[in-house]
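The block underneath contains the structure these notes are about, expressed in structure tokens.
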Amino acid sequence: VVVVVVVVAGRRRRRRRRPMSSIAKFSASSVAIAAGLGLSVGAAVTFLLGRKLNAMNKPKVWGKPPHPNWEPPQQLAIPDHIEESKMVALDPKVIGGKKCYPLIISAVVPRPVAFVSTVSKDGKQNLAPFSYFTAMHDPPCVILCICRAGHRGGGKKDTMENIDDTKEFTVNVLSEWFLEQANHTCGNYDPEVDEMALSGLTKLPSLKVKPPRVKESAVHMECKLKHKYETKGYDGEDTATVVVGEIVMFHVNEGVARKTPSGSTYVGLDELQPISRLGGNTYGRSRECFDLARPDRDWQKR
């Protein structure tokens, strides 16, 4: 704050001078007011700037499809790195089944992750993630492919042993907020190790099956074994089991549960924050999605 004093020249006359205490009070008040105004403006600017930065950093979940103006049979442009390159033919029998693993898990992406809880016939609990995973709805079933355990000489993993013995399991949907805990369960642990306790996750009792659910997950499915199919590799040895489990009970957290216009329950993508598996040790987030309607029957008449 700058105080300007103006001196007027003229006839000599005695003027009453303002006491120094008044000037001091005036100056202090001015400084306080100016400081207050400065702080208020600064706070407002900081608040608005923070909101702007938060908006810029906020994940954009819903966007537009890549070609919103496309009309059939219009051809779409192929990227140069694809258009100008040749296809490489790879015979899996020449490569060998085990060496197809990096190719499969990097090409078939993204894959949802099933967090599978089981209990052995003598009561030991097991928890492990599997990304060879999909589902169907009538009857509601999950489909898992559980490969043999290479560290056990090709024997069955604990999850598969337990499903064979008890015919029950739960599938817990994996979300971003507990990913590191879930990942910690996939080590080559001994059968007596309780992975849920080891990783700090919380058990919830199920209603229709013995294996517990994972509290940290927002969607749980209690399952009973419906079918299973053993697969053999090129060398004739068992390599995996395809498991079809019928869902006998759903549990959906209210924080992710939504309703369709007809009243059916579905899960909100934004709230679920699902994690998918990619190639190697890479995982993916569903950070940008879009709606793309299916063509109706009228298109065939055009």
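Residue names in the structure tokens use chain letters A, B, ... in the order shown, residue numbers from 1 in each chain, and ligand numbers from 1 in the order shown.
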
Which residues are close to stretch 263-268 of chain A, i.e. within 10 Å by only C-alpha atoms, leaving aside same-chain residues fewer than 6 positions away? Reply as a ChimeraX atom specification. /A:218-219,252-257

Output file for the residues above (C-alpha atoms, as a PDB file, in the first residue's frame):
ATOM      1  CA  ALA A 218     -17.902 -55.073  -5.635  1.00  0.00           C
ATOM      2  CA  VAL A 219     -19.404 -58.062  -7.501  1.00  0.00           C
ATOM      3  CA  VAL A 252     -23.683 -56.686  -6.185  1.00  0.00           C
ATOM      4  CA  ASN A 253     -22.562 -53.753  -4.047  1.00  0.00           C
ATOM      5  CA  GLU A 254     -25.112 -50.924  -4.039  1.00  0.00           C
ATOM      6  CA  GLY A 255     -22.309 -48.523  -4.955  1.00  0.00           C
ATOM      7  CA  VAL A 256     -22.027 -50.096  -8.429  1.00  0.00           C
ATOM      8  CA  ALA A 257     -25.580 -51.440  -8.936  1.00  0.00           C
TER       9      ALA A 257
END

Using DSSP on the backbone coordinates, identify all residues within stretch 60-222 of chain A classified as strand (DSSP E or B); present the result as number ranges by chain. A: 62, 111-112, 114-119, 125-130, 133-137, 140-147, 149, 155, 168-173, 175, 203-204, 213-214, 219-222

Save the residues we just selected, N, CA and C atoms, as a CSV table (one decimal), in the first residue's frame?
chain,number,residue,atom,x,y,z
A,62,TRP,N,-16.2,-41.7,-20.9
A,62,TRP,CA,-17.1,-41.9,-22.0
A,62,TRP,C,-16.7,-40.9,-23.1
A,111,ARG,N,-8.5,-59.0,-21.3
A,111,ARG,CA,-9.3,-60.1,-20.7
A,111,ARG,C,-9.7,-59.7,-19.3
A,112,PRO,N,-10.9,-60.0,-19.0
A,112,PRO,CA,-11.4,-59.8,-17.6
A,112,PRO,C,-10.7,-60.7,-16.7
A,114,ALA,N,-10.9,-63.2,-13.3
A,114,ALA,CA,-11.7,-63.8,-12.3
A,114,ALA,C,-10.9,-64.1,-11.1
A,115,PHE,N,-11.3,-63.6,-9.9
A,115,PHE,CA,-10.7,-63.8,-8.7
A,115,PHE,C,-11.4,-64.9,-8.0
A,116,VAL,N,-10.8,-66.1,-8.0
A,116,VAL,CA,-11.5,-67.3,-7.7
A,116,VAL,C,-11.1,-67.8,-6.3
A,117,SER,N,-12.2,-68.0,-5.4
A,117,SER,CA,-12.0,-68.5,-4.1
A,117,SER,C,-12.5,-69.9,-4.0
A,118,THR,N,-11.7,-70.8,-3.4
A,118,THR,CA,-12.1,-72.2,-3.3
A,118,THR,C,-11.7,-72.7,-1.9
A,119,VAL,N,-12.3,-73.9,-1.5
A,119,VAL,CA,-12.0,-74.5,-0.2
A,119,VAL,C,-11.7,-76.0,-0.5
A,125,GLN,N,-8.4,-73.0,2.6
A,125,GLN,CA,-8.9,-72.0,1.6
A,125,GLN,C,-7.8,-71.5,0.7
A,126,ASN,N,-8.3,-71.2,-0.6
A,126,ASN,CA,-7.3,-70.8,-1.6
A,126,ASN,C,-8.0,-69.7,-2.4
A,127,LEU,N,-7.1,-68.8,-2.9
A,127,LEU,CA,-7.6,-67.6,-3.6
A,127,LEU,C,-6.6,-67.3,-4.7
A,128,ALA,N,-7.0,-67.2,-6.0
A,128,ALA,CA,-6.1,-67.0,-7.1
A,128,ALA,C,-6.8,-66.3,-8.3
A,129,PRO,N,-6.1,-65.4,-9.0
A,129,PRO,CA,-6.7,-64.8,-10.2
A,129,PRO,C,-6.5,-65.6,-11.5
A,130,PHE,N,-7.5,-65.5,-12.4
A,130,PHE,CA,-7.4,-66.2,-13.7
A,130,PHE,C,-7.9,-65.3,-14.7
A,133,PHE,N,-10.9,-66.3,-18.9
A,133,PHE,CA,-12.2,-66.1,-18.2
A,133,PHE,C,-13.3,-65.5,-19.1
A,134,THR,N,-14.5,-66.0,-19.1
A,134,THR,CA,-15.6,-65.4,-19.8
A,134,THR,C,-16.9,-65.9,-19.1
A,135,ALA,N,-18.0,-65.5,-19.7
A,135,ALA,CA,-19.3,-65.8,-19.1
A,135,ALA,C,-20.4,-66.0,-20.1
A,136,MET,N,-21.6,-66.5,-19.7
A,136,MET,CA,-22.8,-66.5,-20.5
A,136,MET,C,-24.0,-66.3,-19.5
A,137,HIS,N,-25.2,-66.1,-20.0
A,137,HIS,CA,-26.2,-65.6,-19.2
A,137,HIS,C,-27.4,-66.5,-19.0
A,140,PRO,N,-27.0,-68.5,-16.2
A,140,PRO,CA,-25.8,-67.7,-15.9
A,140,PRO,C,-24.7,-68.6,-15.5
A,141,CYS,N,-23.6,-68.5,-16.3
A,141,CYS,CA,-22.4,-69.3,-16.0
A,141,CYS,C,-21.2,-68.5,-16.2
A,142,VAL,N,-20.1,-68.9,-15.5
A,142,VAL,CA,-18.8,-68.4,-15.8
A,142,VAL,C,-18.0,-69.6,-16.4
A,143,ILE,N,-17.0,-69.2,-17.3
A,143,ILE,CA,-16.2,-70.2,-17.9
A,143,ILE,C,-14.7,-69.9,-17.6
A,144,LEU,N,-14.0,-70.8,-17.0
A,144,LEU,CA,-12.6,-70.6,-16.7
A,144,LEU,C,-11.7,-71.6,-17.4
A,145,CYS,N,-10.5,-71.2,-17.7
A,145,CYS,CA,-9.6,-72.2,-18.2
A,145,CYS,C,-8.4,-72.2,-17.1
A,146,ILE,N,-8.2,-73.3,-16.4
A,146,ILE,CA,-7.2,-73.4,-15.4
A,146,ILE,C,-6.1,-74.3,-15.9
A,147,CYS,N,-5.0,-73.7,-16.2
A,147,CYS,CA,-3.8,-74.4,-16.7
A,147,CYS,C,-3.2,-75.2,-15.6
A,149,ALA,N,-0.1,-76.6,-13.3
A,149,ALA,CA,1.0,-75.9,-12.6
A,149,ALA,C,2.4,-76.4,-13.0
A,155,GLY,N,1.2,-80.9,-12.5
A,155,GLY,CA,0.0,-81.2,-11.7
A,155,GLY,C,-1.0,-80.1,-11.7
A,168,GLU,N,-17.5,-76.5,-5.9
A,168,GLU,CA,-18.0,-75.2,-5.6
A,168,GLU,C,-16.8,-74.2,-5.7
A,169,PHE,N,-17.2,-72.9,-6.0
A,169,PHE,CA,-16.2,-71.8,-5.9
A,169,PHE,C,-16.9,-70.5,-6.0
A,170,THR,N,-16.2,-69.4,-5.7
A,170,THR,CA,-16.8,-68.1,-6.0
A,170,THR,C,-15.9,-67.3,-6.9
A,171,VAL,N,-16.5,-66.5,-7.7
A,171,VAL,CA,-15.8,-65.6,-8.6
A,171,VAL,C,-16.0,-64.2,-8.1
A,172,ASN,N,-14.9,-63.4,-7.9
A,172,ASN,CA,-15.0,-62.1,-7.4
A,172,ASN,C,-14.4,-61.1,-8.4
A,173,VAL,N,-15.1,-60.1,-8.9
A,173,VAL,CA,-14.7,-59.3,-10.0
A,173,VAL,C,-13.6,-58.4,-9.5
A,175,SER,N,-11.3,-55.1,-9.2
A,175,SER,CA,-11.3,-53.7,-9.5
A,175,SER,C,-10.0,-53.0,-9.1
A,203,LYS,N,-12.6,-61.8,4.3
A,203,LYS,CA,-13.5,-62.9,3.9
A,203,LYS,C,-14.9,-62.6,4.2
A,204,LEU,N,-15.8,-62.9,3.4
A,204,LEU,CA,-17.3,-62.8,3.6
A,204,LEU,C,-17.9,-64.2,3.4
A,213,ARG,N,-16.4,-65.3,0.0
A,213,ARG,CA,-16.3,-64.2,-1.0
A,213,ARG,C,-15.2,-63.2,-0.5
A,214,VAL,N,-14.9,-62.3,-1.4
A,214,VAL,CA,-13.9,-61.2,-1.1
A,214,VAL,C,-14.6,-59.9,-0.9
A,219,VAL,N,-18.5,-57.1,-6.9
A,219,VAL,CA,-19.4,-58.1,-7.5
A,219,VAL,C,-18.9,-59.5,-7.2
A,220,HIS,N,-19.8,-60.3,-6.6
A,220,HIS,CA,-19.4,-61.7,-6.3
A,220,HIS,C,-20.4,-62.6,-7.0
A,221,MET,N,-19.9,-63.8,-7.4
A,221,MET,CA,-20.8,-64.8,-8.0
A,221,MET,C,-20.5,-66.2,-7.3
A,222,GLU,N,-21.5,-66.7,-6.6
A,222,GLU,CA,-21.3,-68.0,-6.0
A,222,GLU,C,-21.6,-69.1,-7.1

DSSP on the backbone: what in stretch 100-217 of chain A comes out alpha helix (DSSP H), as a PyMOL selection string? chain A and resi 101-107+158-166+179-183+195-198

For A:Lys121, which residue among A:Ile104, A:Ile163, A:Met87, A:Leu292 is the nearest when counting only C-alpha atoms?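 For A:Lys121, the nearest of the given residues is A:Ile163.
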